[in-house]
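Asks: The structure file query34.cif (mmCIF, C-alpha atoms and all ligand atoms) is provided below.
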data_run
loop_
_atom_site.label_atom_id
_atom_site.label_comp_id
_atom_site.auth_asym_id
_atom_site.auth_seq_id
_atom_site.Cartn_x
_atom_site.Cartn_y
_atom_site.Cartn_z
CA MET A 1 -49.41 -73.94 -17.42
CA SER A 2 -47.80 -71.04 -19.28
CA ARG A 3 -49.93 -67.93 -19.71
CA ALA A 4 -50.17 -65.73 -22.81
CA PRO A 5 -47.82 -62.74 -22.55
CA LEU A 6 -49.24 -59.38 -21.51
CA ARG A 7 -48.37 -56.84 -24.20
CA VAL A 8 -47.21 -53.56 -22.66
CA ALA A 9 -47.29 -50.08 -24.21
CA VAL A 10 -45.26 -47.38 -22.46
CA LEU A 11 -46.20 -43.72 -22.94
CA GLY A 12 -43.23 -41.44 -22.21
CA ALA A 13 -39.49 -42.08 -22.32
CA GLY A 14 -38.26 -39.52 -19.81
CA THR A 15 -36.49 -40.11 -16.49
CA VAL A 16 -38.86 -42.84 -15.32
CA GLY A 17 -39.93 -44.15 -18.73
CA ARG A 18 -36.35 -44.94 -19.75
CA GLU A 19 -35.80 -46.99 -16.58
CA VAL A 20 -39.06 -48.88 -16.99
CA VAL A 21 -38.18 -49.72 -20.59
CA ARG A 22 -34.73 -50.83 -19.47
CA GLY A 23 -36.27 -53.12 -16.83
CA LEU A 24 -38.71 -54.64 -19.34
CA LEU A 25 -36.01 -55.25 -21.94
CA GLU A 26 -33.13 -56.32 -19.69
CA HIS A 27 -34.81 -58.33 -16.94
CA PRO A 28 -37.93 -60.00 -18.36
CA GLU A 29 -37.29 -63.12 -16.24
CA ARG A 30 -37.28 -61.04 -13.02
CA LEU A 31 -40.65 -59.54 -13.99
CA CYS A 32 -42.48 -62.84 -14.43
CA ALA A 33 -44.16 -64.04 -11.22
CA THR A 34 -44.84 -67.78 -10.96
CA ASP A 35 -48.56 -67.04 -10.92
CA GLY A 36 -48.48 -64.26 -13.53
CA ALA A 37 -48.27 -63.72 -17.28
CA PRO A 38 -44.91 -62.75 -18.79
CA LEU A 39 -44.60 -59.09 -19.79
CA VAL A 40 -43.58 -58.15 -23.30
CA LEU A 41 -42.89 -54.57 -24.39
CA THR A 42 -44.64 -53.87 -27.68
CA GLY A 43 -44.40 -50.09 -28.07
CA ILE A 44 -43.11 -46.85 -26.62
CA ALA A 45 -44.61 -43.47 -27.43
CA CYS A 46 -42.56 -40.36 -26.91
CA ARG A 47 -42.18 -36.86 -28.31
CA ASN A 48 -38.48 -36.89 -29.09
CA LEU A 49 -37.81 -40.04 -31.13
CA ALA A 50 -34.21 -39.09 -31.94
CA ARG A 51 -33.34 -38.67 -28.27
CA ALA A 52 -35.03 -41.97 -27.39
CA ARG A 53 -32.99 -43.75 -30.08
CA ALA A 54 -29.83 -42.08 -28.76
CA ASP A 55 -30.75 -43.39 -25.29
CA GLY A 56 -30.62 -46.91 -26.73
CA ILE A 57 -34.37 -47.55 -27.05
CA PRO A 58 -34.93 -49.89 -30.04
CA ALA A 59 -36.21 -47.84 -32.99
CA ASP A 60 -38.77 -50.48 -34.02
CA LEU A 61 -40.62 -50.00 -30.72
CA LEU A 62 -40.89 -46.21 -30.99
CA THR A 63 -43.80 -44.07 -32.11
CA ASP A 64 -44.82 -40.46 -31.62
CA ALA A 65 -48.56 -41.33 -31.69
CA PRO A 66 -49.58 -42.30 -28.13
CA ALA A 67 -53.32 -42.45 -28.86
CA HIS A 68 -52.74 -45.03 -31.61
CA LEU A 69 -50.58 -47.08 -29.28
CA VAL A 70 -53.29 -47.04 -26.59
CA ALA A 71 -55.94 -48.12 -29.12
CA ALA A 72 -53.77 -50.74 -30.86
CA PRO A 73 -55.31 -54.23 -30.66
CA ASP A 74 -51.95 -55.67 -29.59
CA THR A 75 -51.73 -53.37 -26.55
CA ASP A 76 -53.05 -55.18 -23.47
CA VAL A 77 -51.86 -52.79 -20.75
CA VAL A 78 -50.83 -49.11 -20.80
CA VAL A 79 -48.06 -47.58 -18.69
CA GLU A 80 -48.47 -43.80 -18.60
CA LEU A 81 -45.23 -41.98 -17.72
CA MET A 82 -45.65 -38.72 -19.65
CA GLY A 83 -46.54 -36.66 -16.59
CA GLY A 84 -48.61 -33.48 -16.60
CA ASP A 85 -52.33 -33.08 -17.19
CA GLU A 86 -53.19 -33.48 -20.89
CA PRO A 87 -52.87 -35.58 -22.95
CA ALA A 88 -52.07 -37.98 -20.08
CA ARG A 89 -55.56 -37.77 -18.52
CA THR A 90 -57.38 -38.44 -21.82
CA LEU A 91 -55.08 -41.34 -22.71
CA ILE A 92 -55.52 -42.96 -19.29
CA ALA A 93 -59.30 -42.56 -19.44
CA ALA A 94 -59.38 -43.96 -23.00
CA ALA A 95 -57.36 -47.02 -22.01
CA LEU A 96 -59.47 -47.72 -18.92
CA GLY A 97 -62.68 -47.15 -20.88
CA ALA A 98 -61.47 -49.68 -23.47
CA GLY A 99 -60.94 -52.24 -20.72
CA LYS A 100 -57.13 -51.97 -20.71
CA PRO A 101 -55.41 -51.83 -17.31
CA VAL A 102 -53.33 -48.72 -16.67
CA VAL A 103 -50.22 -48.24 -14.55
CA THR A 104 -49.10 -44.66 -13.96
CA ALA A 105 -46.65 -42.57 -11.93
CA ASN A 106 -48.63 -39.42 -12.69
CA LYS A 107 -49.52 -37.90 -9.31
CA HIS A 108 -50.95 -34.76 -10.91
CA VAL A 109 -53.50 -36.70 -12.96
CA VAL A 110 -54.42 -39.07 -10.13
CA ALA A 111 -54.83 -36.23 -7.60
CA HIS A 112 -56.74 -33.89 -9.93
CA HIS A 113 -58.89 -36.43 -11.79
CA GLY A 114 -58.97 -39.27 -9.26
CA PRO A 115 -62.76 -39.30 -8.71
CA ASP A 116 -63.49 -39.56 -12.47
CA LEU A 117 -60.76 -42.09 -13.18
CA GLU A 118 -61.79 -44.24 -10.23
CA ALA A 119 -65.36 -44.22 -11.54
CA VAL A 120 -64.23 -45.17 -15.08
CA ALA A 121 -61.99 -47.98 -13.81
CA ARG A 122 -64.67 -49.38 -11.50
CA ARG A 123 -67.31 -49.21 -14.26
CA ALA A 124 -65.00 -50.98 -16.72
CA GLY A 125 -63.88 -53.48 -14.07
CA VAL A 126 -60.27 -52.84 -15.02
CA ALA A 127 -57.15 -52.28 -12.92
CA PHE A 128 -55.87 -48.73 -12.37
CA ARG A 129 -52.59 -48.78 -10.46
CA PHE A 130 -50.54 -45.79 -9.28
CA GLU A 131 -48.16 -46.91 -6.53
CA ALA A 132 -45.34 -44.95 -8.22
CA ALA A 133 -47.28 -41.69 -7.89
CA VAL A 134 -46.43 -41.35 -4.17
CA ALA A 135 -42.95 -41.39 -2.67
CA GLY A 136 -41.14 -42.90 -5.67
CA GLY A 137 -39.91 -46.36 -4.78
CA ILE A 138 -41.48 -46.64 -1.30
CA PRO A 139 -44.38 -49.11 -1.20
CA ILE A 140 -47.03 -47.11 0.66
CA LEU A 141 -50.35 -47.22 -1.21
CA GLY A 142 -50.42 -51.01 -1.47
CA PRO A 143 -49.84 -51.44 2.28
CA LEU A 144 -52.50 -48.80 3.07
CA ALA A 145 -55.08 -50.58 0.91
CA SER A 146 -54.18 -54.15 1.85
CA ASP A 147 -51.86 -54.95 4.76
CA LEU A 148 -53.22 -52.06 6.89
CA ALA A 149 -56.85 -52.36 5.73
CA ALA A 150 -57.95 -53.69 9.12
CA ASN A 151 -57.02 -50.38 10.77
CA SER A 152 -58.68 -47.05 11.34
CA VAL A 153 -56.09 -44.48 10.25
CA ARG A 154 -55.63 -41.58 12.71
CA ARG A 155 -52.94 -39.62 10.91
CA VAL A 156 -50.81 -39.73 7.76
CA ARG A 157 -47.71 -37.59 7.89
CA GLY A 158 -44.68 -37.49 5.66
CA ILE A 159 -41.85 -35.97 3.72
CA VAL A 160 -43.10 -36.79 0.22
CA ASN A 161 -41.14 -34.53 -2.10
CA GLY A 162 -37.57 -35.61 -2.75
CA THR A 163 -36.46 -32.42 -4.51
CA SER A 164 -37.45 -30.04 -1.71
CA ASN A 165 -35.98 -32.36 0.93
CA TYR A 166 -32.76 -32.58 -1.06
CA ILE A 167 -32.62 -28.76 -1.17
CA LEU A 168 -33.37 -28.28 2.55
CA SER A 169 -30.79 -30.93 3.50
CA ALA A 170 -28.10 -29.34 1.34
CA MET A 171 -28.93 -25.85 2.70
CA THR A 172 -28.61 -27.25 6.23
CA HIS A 173 -25.45 -29.26 5.78
CA ASP A 174 -23.29 -27.66 3.12
CA GLY A 175 -24.48 -24.09 2.71
CA ARG A 176 -24.45 -24.08 -1.13
CA SER A 177 -26.70 -21.63 -2.95
CA TYR A 178 -30.33 -22.53 -3.52
CA ALA A 179 -29.90 -22.27 -7.33
CA ALA A 180 -26.87 -24.60 -7.38
CA ILE A 181 -28.66 -27.19 -5.23
CA LEU A 182 -31.79 -27.09 -7.38
CA ALA A 183 -29.68 -27.55 -10.52
CA ASP A 184 -28.21 -30.70 -8.92
CA ALA A 185 -31.67 -32.04 -8.07
CA GLN A 186 -32.67 -31.51 -11.71
CA ALA A 187 -29.53 -33.22 -13.04
CA LEU A 188 -30.18 -36.20 -10.74
CA GLY A 189 -33.69 -36.59 -12.20
CA TYR A 190 -35.52 -35.73 -8.96
CA ALA A 191 -37.27 -32.51 -9.98
CA GLU A 192 -40.35 -32.11 -12.17
CA THR A 193 -40.00 -30.49 -15.61
CA ASP A 194 -41.15 -27.29 -13.93
CA PRO A 195 -39.54 -27.52 -10.47
CA ALA A 196 -41.86 -24.79 -9.13
CA GLY A 197 -44.30 -27.60 -8.27
CA ASP A 198 -41.66 -29.29 -6.13
CA VAL A 199 -40.48 -26.28 -4.16
CA GLU A 200 -43.89 -24.60 -3.83
CA GLY A 201 -45.56 -27.71 -2.45
CA ASP A 202 -47.99 -28.62 -5.28
CA ASP A 203 -46.30 -31.97 -5.89
CA ALA A 204 -46.56 -32.87 -2.20
CA VAL A 205 -50.20 -31.74 -2.19
CA ASN A 206 -50.93 -34.15 -5.06
CA LYS A 207 -49.33 -37.00 -3.14
CA LEU A 208 -51.23 -36.09 0.02
CA VAL A 209 -54.54 -36.20 -1.90
CA ILE A 210 -53.68 -39.73 -3.03
CA LEU A 211 -52.57 -40.83 0.44
CA ALA A 212 -55.78 -39.43 1.95
CA ARG A 213 -57.86 -41.33 -0.62
CA LEU A 214 -56.27 -44.61 0.44
CA ALA A 215 -56.20 -43.81 4.17
CA PHE A 216 -59.61 -42.17 4.63
CA GLY A 217 -61.72 -43.07 1.58
CA HIS A 218 -62.18 -39.48 0.31
CA TRP A 219 -60.77 -37.63 -2.68
CA LEU A 220 -59.81 -34.15 -1.46
CA GLY A 221 -59.66 -31.24 -3.90
CA PRO A 222 -55.93 -30.36 -4.26
CA GLY A 223 -56.78 -26.65 -4.31
CA SER A 224 -58.27 -26.87 -0.83
CA ILE A 225 -55.01 -28.04 0.77
CA GLY A 226 -52.92 -25.22 2.26
CA ARG A 227 -49.23 -24.98 1.39
CA ARG A 228 -48.37 -21.52 2.76
CA PRO A 229 -47.10 -21.32 6.32
CA PRO A 230 -48.46 -18.50 8.44
CA SER A 231 -46.30 -15.47 9.10
CA VAL A 232 -46.62 -12.97 11.92
CA ARG A 233 -48.47 -10.47 9.73
CA GLY A 234 -50.19 -12.84 7.27
CA TRP A 235 -48.96 -15.79 5.23
CA GLY A 236 -45.51 -16.83 4.05
CA ARG A 237 -44.38 -18.05 0.64
CA PRO A 238 -45.58 -21.54 -0.43
CA GLY A 239 -43.66 -24.74 0.23
CA ILE A 240 -39.97 -24.26 0.99
CA VAL A 241 -39.55 -21.11 -1.09
CA GLY A 242 -39.43 -18.82 1.95
CA VAL A 243 -37.12 -20.97 4.11
CA THR A 244 -33.82 -19.17 4.67
CA GLY A 245 -30.37 -20.39 5.61
CA ILE A 246 -30.33 -18.36 8.81
CA GLU A 247 -33.71 -19.79 9.91
CA LEU A 248 -32.21 -23.27 9.44
CA GLU A 249 -29.04 -22.31 11.35
CA ALA A 250 -31.01 -20.83 14.24
CA ALA A 251 -33.35 -23.85 14.31
CA ALA A 252 -30.30 -26.11 14.59
CA GLN A 253 -29.20 -24.21 17.69
CA LEU A 254 -32.58 -25.10 19.26
CA GLY A 255 -32.23 -28.76 18.24
CA LEU A 256 -34.71 -28.33 15.38
CA THR A 257 -34.64 -28.43 11.61
CA ILE A 258 -37.20 -27.49 8.94
CA LYS A 259 -38.86 -30.06 6.68
CA LEU A 260 -41.74 -29.88 4.20
CA LEU A 261 -44.34 -32.05 5.97
CA ALA A 262 -47.56 -33.26 4.39
CA THR A 263 -50.21 -34.12 7.00
CA ALA A 264 -53.78 -35.44 6.86
CA ILE A 265 -55.89 -36.12 9.95
CA PRO A 266 -59.59 -36.97 10.32
CA SER A 267 -61.10 -33.90 11.95
CA ARG A 268 -64.67 -32.91 12.90
CA GLY A 269 -66.27 -35.24 10.37
CA GLY A 270 -63.88 -34.19 7.58
CA ILE A 271 -60.16 -34.31 6.92
CA ALA A 272 -57.68 -31.64 7.97
CA ALA A 273 -54.78 -31.58 5.51
CA ALA A 274 -51.85 -29.31 4.69
CA VAL A 275 -48.34 -29.29 3.24
CA LEU A 276 -46.24 -26.92 5.33
CA PRO A 277 -42.61 -26.23 6.08
CA SER A 278 -42.50 -27.39 9.69
CA ALA A 279 -39.93 -27.44 12.49
CA VAL A 280 -39.11 -30.98 13.64
CA PRO A 281 -36.56 -32.31 16.14
CA ALA A 282 -33.25 -32.53 14.27
CA ASP A 283 -32.44 -35.88 15.85
CA GLY A 284 -35.91 -37.41 15.24
CA PRO A 285 -36.98 -39.68 12.37
CA PHE A 286 -38.13 -36.81 10.14
CA GLY A 287 -35.18 -34.58 11.08
CA GLN A 288 -32.83 -37.38 10.14
CA THR A 289 -34.51 -37.91 6.75
CA ASP A 290 -32.09 -36.26 4.37
CA GLY A 291 -31.53 -35.84 0.66
CA VAL A 292 -34.01 -37.40 -1.76
CA THR A 293 -35.22 -39.81 0.93
CA ASN A 294 -38.93 -39.68 1.73
CA ARG A 295 -40.51 -40.84 4.97
CA ILE A 296 -44.18 -41.52 5.62
CA GLU A 297 -45.70 -42.36 9.00
CA ILE A 298 -49.10 -43.96 9.39
CA GLU A 299 -50.72 -43.78 12.82
CA ALA A 300 -53.56 -46.22 13.05
CA GLU A 301 -55.69 -48.26 15.42
CA PRO A 302 -54.97 -51.04 16.34
CA LEU A 303 -51.54 -50.89 14.64
CA GLY A 304 -49.93 -47.91 16.39
CA THR A 305 -47.37 -46.09 14.26
CA VAL A 306 -45.47 -47.46 11.30
CA GLY A 307 -42.89 -45.48 9.33
CA LEU A 308 -41.65 -46.20 5.83
CA ALA A 309 -38.58 -44.51 4.39
CA GLY A 310 -36.67 -44.82 1.15
CA PRO A 311 -35.80 -43.19 -2.17
CA GLY A 312 -38.65 -40.83 -3.01
CA ALA A 313 -37.70 -39.75 -6.53
CA GLY A 314 -35.46 -40.61 -9.44
CA GLY A 315 -35.93 -42.89 -12.43
CA ALA A 316 -34.50 -46.11 -11.03
CA ALA A 317 -36.36 -46.04 -7.69
CA THR A 318 -39.65 -45.01 -9.29
CA SER A 319 -39.35 -47.72 -11.95
CA SER A 320 -39.41 -50.27 -9.12
CA ALA A 321 -42.95 -49.20 -8.19
CA VAL A 322 -44.10 -49.05 -11.85
CA LEU A 323 -42.74 -52.50 -12.65
CA GLY A 324 -44.20 -53.89 -9.42
CA ASP A 325 -47.61 -52.58 -10.49
CA LEU A 326 -47.17 -54.14 -13.93
CA MET A 327 -46.39 -57.49 -12.33
CA ALA A 328 -49.52 -57.09 -10.19
CA VAL A 329 -51.57 -56.58 -13.36
CA ALA A 330 -49.92 -59.64 -14.90
CA ARG A 331 -50.97 -61.62 -11.82
CA GLY A 332 -54.58 -60.48 -12.27
CA LEU A 333 -54.67 -58.15 -9.25
CA THR A 334 -57.10 -55.24 -9.23
CA SER A 335 -56.59 -51.50 -8.71
CA THR A 336 -54.37 -49.79 -6.13
CA TRP A 337 -57.42 -49.33 -3.87
CA ALA A 338 -57.78 -53.15 -3.82
CA GLY A 339 -60.80 -54.10 -1.70
CA LEU A 340 -61.46 -50.62 -0.28
CA ALA A 341 -64.95 -49.19 -0.80
CA PRO A 342 -65.50 -46.65 -3.59
CA ALA A 343 -64.39 -43.16 -2.54
CA THR A 344 -67.01 -40.77 -1.26
CA ASP A 345 -67.21 -36.97 -1.36
CA PRO A 346 -65.35 -36.39 -4.63
CA ALA A 347 -63.08 -33.33 -4.53
CA GLY A 348 -64.13 -32.46 -0.98
CA SER A 349 -62.51 -29.55 0.82
CA ALA A 350 -59.78 -30.14 3.36
CA ALA A 351 -60.04 -28.46 6.76
CA ASP A 352 -57.05 -26.47 8.07
CA PRO A 353 -54.95 -28.39 10.62
CA LEU A 354 -53.55 -25.07 11.87
CA ASP A 355 -56.94 -24.39 13.47
CA ASP A 356 -55.72 -26.56 16.35
CA PRO A 357 -53.24 -25.13 18.91
CA ARG A 358 -49.63 -26.21 18.56
CA ARG A 359 -46.08 -25.09 19.30
CA TRP A 360 -44.37 -22.65 16.90
CA TYR A 361 -40.85 -21.68 15.85
CA ALA A 362 -39.87 -18.30 14.42
CA PHE A 363 -36.60 -16.48 13.84
CA VAL A 364 -36.22 -12.71 13.69
CA PRO A 365 -32.91 -11.85 11.98
CA ALA A 366 -30.79 -9.19 13.69
CA ALA A 367 -30.55 -7.21 10.46
CA GLY A 368 -34.31 -6.87 10.42
CA MET A 369 -34.59 -5.52 13.96
CA ALA A 370 -34.54 -1.77 14.59
CA SER A 371 -33.02 -2.50 17.99
CA PRO A 372 -33.09 -5.72 20.00
CA LEU A 373 -36.12 -5.51 22.27
CA PRO A 374 -36.12 -7.15 25.69
CA ALA A 375 -38.70 -9.91 25.84
CA HIS A 376 -41.60 -9.12 28.18
CA ALA A 377 -42.29 -11.46 31.05
CA ALA A 378 -45.59 -12.42 29.40
CA GLN A 379 -43.73 -13.52 26.29
CA ARG A 380 -41.20 -15.47 28.30
CA ASN A 381 -44.00 -17.38 30.07
CA ARG A 382 -45.39 -18.55 26.78
CA ALA A 383 -42.21 -18.98 24.74
CA VAL A 384 -38.52 -19.67 25.00
CA ILE A 385 -36.78 -16.65 23.48
CA THR A 386 -33.12 -17.16 22.65
CA GLU A 387 -30.79 -14.37 21.59
CA LEU A 388 -28.35 -15.67 18.98
CA GLY A 389 -25.58 -13.77 17.22
CA THR A 390 -27.70 -13.65 14.07
CA GLY A 391 -31.00 -12.64 15.67
CA THR A 392 -33.72 -13.88 18.01
CA ALA A 393 -35.14 -17.40 17.95
CA ILE A 394 -38.58 -17.98 19.45
CA ARG A 395 -40.06 -21.35 20.38
CA THR A 396 -43.58 -21.06 21.82
CA GLN A 397 -45.62 -23.23 24.14
CA THR A 398 -48.79 -24.79 22.69
CA LEU A 399 -50.73 -21.80 21.35
CA ASN A 400 -53.25 -21.07 18.67
CA LEU A 401 -52.04 -19.08 15.66
CA GLU A 402 -53.25 -15.67 16.86
CA GLU A 403 -51.60 -16.17 20.25
CA ALA A 404 -48.32 -17.12 18.54
CA ARG A 405 -48.51 -14.04 16.30
CA ALA A 406 -49.04 -11.88 19.41
CA ILE A 407 -45.88 -13.33 21.01
CA VAL A 408 -43.62 -12.54 18.05
CA ALA A 409 -45.19 -9.28 16.81
CA PRO A 410 -43.64 -7.03 19.52
CA ILE A 411 -40.15 -8.14 18.45
CA LEU A 412 -40.71 -7.24 14.80
CA PRO A 413 -39.92 -3.78 13.53
CA GLU A 414 -42.47 -2.20 11.22
CA GLY A 415 -42.48 -3.55 7.67
CA VAL A 416 -40.70 -6.78 8.63
CA ASP A 417 -42.44 -10.14 8.64
CA VAL A 418 -41.22 -13.64 9.54
CA THR A 419 -42.60 -17.13 9.07
CA LEU A 420 -44.24 -18.99 11.95
CA TYR A 421 -43.29 -22.63 11.52
CA PRO A 422 -45.53 -25.20 13.22
CA ILE A 423 -43.43 -27.50 15.41
CA ASP A 424 -44.22 -31.13 14.69
CA ASP A 425 -42.78 -33.66 17.13
N1 LIG A 501 -40.34 -34.40 -8.32
C1 LIG A 501 -40.74 -35.44 -7.45
C2 LIG A 501 -39.98 -35.34 -6.15
C3 LIG A 501 -40.51 -36.76 -8.12
O1 LIG A 501 -38.99 -34.59 -6.10
O2 LIG A 501 -40.37 -35.95 -5.16
C4 LIG A 501 -41.10 -37.94 -7.41
O3 LIG A 501 -42.50 -37.87 -7.37
#
In structure tokens, how does this file's structure come out?

Replies:
Amino acid sequence: MSRAPLRVAVLGAGTVGREVVRGLLEHPERLCATDGAPLVLTGIACRNLARARADGIPADLLTDAPAHLVAAPDTDVVVELMGGDEPARTLIAAALGAGKPVVTANKHVVAHHGPDLEAVARRAGVAFRFEAAVAGGIPILGPLASDLAANSVRRVRGIVNGTSNYILSAMTHDGRSYAAILADAQALGYAETDPAGDVEGDDAVNKLVILARLAFGHWLGPGSIGRRPPSVRGWGRPGIVGVTGIELEAAAQLGLTIKLLATAIPSRGGIAAAVLPSAVPADGPFGQTDGVTNRIEIEAEPLGTVGLAGPGAGGAATSSAVLGDLMAVARGLTSTWAGLAPATDPAGSAADPLDDPRRWYAFVPAAGMASPLPAHAAQRNRAVITELGTGTAIRTQTLNLEEARAIVAPILPEGVDVTLYPIDD
């Protein structure tokens, strides 16, 4: 029996929006499951109508009035791809409140307003789907909520920002300037409109909040999740902003590389979570994750560890997740959290995973040293200290943060500070 088409309104015609529209217009047959309604695109709201027309979007579908499109009686489902906070949050809430399913790639809105939007969607009994908000094209939220639902999750860990991973990989492998690499990431459609959120870790924090909701049943407050690595004298710059080429070179000589890792672990009745530039084995699964590729590992009982890797940003890859969610709506499936219980502890605070002892990597550049100091025996017992042409690399045993600071501090001349990178095997 054929089902009535589901009429789709798309809000936003940027990097992802354009690809979603292309998929809906060019491959309608691919998007119709045997047990689902066909999808028909009925409207696209965007700010720059002339640019959308120049991009080949049919003029008769375009409007610059997203609220009208959401409220229109011939809109059955809303796809929000505008990004940012407002008006996206209000439009999503209005659609859900009116009983219209919503599909979004907006990690900021889901992470910052998740508790409210989950409550609205549950009250209205309507689907709210956001697979595309985490790790672009990698299916990770659906598996967490469904295929892995029989497990108790012990740790979620991942490279979840394509732009910063693209930058770190290019700094490691081809030595181009940071500015030139970032410009490439923007041209390839990986970076956010304001790329500060990519390189300073906020984007990865948003994704970690969403992963933690699915893995542990709590919405964490994004502001409670640390994204500054410690330094010897205090705290470093957020995300990857403070990572230098010579730190990467020295790490490589120790068999390590630096990645922006997002981690969430159940801890002392709460959840310890952070997004930190971390040293990982260069030949391990995270070390080998280069370019825009994301990788997420779920450690769970009884499963063990499963890793998922794939394209983490970009219009085409992200449109795969958006269109998959639309097909799920057309098949009558519910929200991304599927059969999981309602979240508890809205906007709870994350604990700091750095409270637990771990191994650390630091590099003291030769130019910053008044004179190379011989390492004391006590330091050598607790760390491997390697003199390189460019400076001194330190890799500690398992120590708490203050112990690690005490190992590196004697090598630092006054007024100089260096980052202490947690080593994550
Ligand atoms: N700016 C994001 C990234 C896009 O680089 O990962 C995908 O969420």

Asks: Taking all atoms listed in the file into account, which of A:Lys100, A:Arg268, A:Arg295, A:Arg30 comes nearest ligand LIG 501 (chain A)?

Replies: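 Ranked by minimum distance to ligand LIG 501 (chain A), first place goes to A:Arg295.
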
Asks: Which one is closest to ligand LIG 501 (chain A): A:Glu131, A:Glu387, A:Asp424, A:Glu249? Count only C-alpha atoms and all ligand atoms.

Replies: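 Closest to ligand LIG 501 (chain A), using only C-alpha atoms and all ligand atoms: A:Glu131.
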
Asks: Within 6 Å of ligand LIG 501 (chain A), counting all atoms listed in the file, which protein or nucleic acid residues do you find, written as a PyMOL selection string?

Replies: chain A and resi 135-136+161-163+190-192+198+312-313

Asks: Given all atoms listed in the file as the basis, pick out the residue of A:Glu26, A:Pro66, A:Ala212, A:Thr334 nearest to Ala124 of chain A.

Replies: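 Residue with the minimum atom-to-atom distance to Ala124 of chain A: A:Thr334.
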
Asks: Pick the closest to Thr257 of chain A from A:Gly226, A:Gly175, A:Gly291, A:Pro281: which is it, counting only C-alpha atoms?

Replies: A:Pro281

Asks: Would you mind listing, for every residue of segment 284-323 of chain A within 12 Å of segment 142-147 of chain A, the two atoms forming the shortest contact and the distance between them in Å to one decimal, using all atoms listed in the file, sorted by chain and ascending residue number, as a tab-separated table?

Replies:
residue	atom	partner	partner_atom	distance
A:Ile296	CA	A:Leu144	CA	11.3
A:Glu297	CA	A:Leu144	CA	11.1
A:Ile298	CA	A:Leu144	CA	8.7
A:Glu299	CA	A:Leu144	CA	11.1
A:Ala300	CA	A:Leu144	CA	10.4
A:Leu303	CA	A:Asp147	CA	10.7
A:Val306	CA	A:Pro143	CA	10.8
A:Gly307	CA	A:Pro143	CA	11.6
A:Leu308	CA	A:Pro143	CA	10.4
A:Ala321	CA	A:Gly142	CA	10.2

Asks: Can you spit out the residues from that selection as a compact mmCIF listing (two decimals), keeping the file's coordinate frame, using C-alpha atoms?

Replies:
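selection.txt, written as the output of this step:
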# COMPACT_ATOMS: atom_id res chain seq x y z
CA ILE A 296 -44.18 -41.52 5.62
CA GLU A 297 -45.70 -42.36 9.00
CA ILE A 298 -49.10 -43.96 9.39
CA GLU A 299 -50.72 -43.78 12.82
CA ALA A 300 -53.56 -46.22 13.05
CA LEU A 303 -51.54 -50.89 14.64
CA VAL A 306 -45.47 -47.46 11.30
CA GLY A 307 -42.89 -45.48 9.33
CA LEU A 308 -41.65 -46.20 5.83
CA ALA A 321 -42.95 -49.20 -8.19

Asks: Which neighbours of Thr34 of chain A fall inside 12 Å, counting all atoms listed in the file, when residues of the same chain fewer than 2 positions from it are skipped, and could you give them as a PyMOL selection string?

Replies: chain A and resi 1-3+29-32+36-38+327-328+330-331

Asks: Counting all atoms listed in the file, what is within 10 Å of Trp360 of chain A, bar same-chain residues fewer than 2 positions away, as a ChimeraX atom specification?

Replies: /A:278-279,357-358,362,383,394-401,404-405,419-424

Asks: Counting all atoms listed in the file, which residues sit no farther than 12 Å from the position (-53.5, -35.6, -22.8) in the file's frame? I'd like them as a ChimeraX atom specification.

Replies: /A:11-12,65-67,80-94,106,109

Asks: Once you have the residues from the selection above, write them out as a PDB file, in the frame of the given file, restricted to C-alpha atoms.

Replies:
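File again36.pdb, as written:
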ATOM      1  CA  LEU A  11     -46.200 -43.720 -22.940  1.00  0.00           C
ATOM      2  CA  GLY A  12     -43.230 -41.440 -22.210  1.00  0.00           C
ATOM      3  CA  ALA A  65     -48.560 -41.330 -31.690  1.00  0.00           C
ATOM      4  CA  PRO A  66     -49.580 -42.300 -28.130  1.00  0.00           C
ATOM      5  CA  ALA A  67     -53.320 -42.450 -28.860  1.00  0.00           C
ATOM      6  CA  GLU A  80     -48.470 -43.800 -18.600  1.00  0.00           C
ATOM      7  CA  LEU A  81     -45.230 -41.980 -17.720  1.00  0.00           C
ATOM      8  CA  MET A  82     -45.650 -38.720 -19.650  1.00  0.00           C
ATOM      9  CA  GLY A  83     -46.540 -36.660 -16.590  1.00  0.00           C
ATOM     10  CA  GLY A  84     -48.610 -33.480 -16.600  1.00  0.00           C
ATOM     11  CA  ASP A  85     -52.330 -33.080 -17.190  1.00  0.00           C
ATOM     12  CA  GLU A  86     -53.190 -33.480 -20.890  1.00  0.00           C
ATOM     13  CA  PRO A  87     -52.870 -35.580 -22.950  1.00  0.00           C
ATOM     14  CA  ALA A  88     -52.070 -37.980 -20.080  1.00  0.00           C
ATOM     15  CA  ARG A  89     -55.560 -37.770 -18.520  1.00  0.00           C
ATOM     16  CA  THR A  90     -57.380 -38.440 -21.820  1.00  0.00           C
ATOM     17  CA  LEU A  91     -55.080 -41.340 -22.710  1.00  0.00           C
ATOM     18  CA  ILE A  92     -55.520 -42.960 -19.290  1.00  0.00           C
ATOM     19  CA  ALA A  93     -59.300 -42.560 -19.440  1.00  0.00           C
ATOM     20  CA  ALA A  94     -59.380 -43.960 -23.000  1.00  0.00           C
ATOM     21  CA  ASN A 106     -48.630 -39.420 -12.690  1.00  0.00           C
ATOM     22  CA  VAL A 109     -53.500 -36.700 -12.960  1.00  0.00           C
TER      23      VAL A 109
END
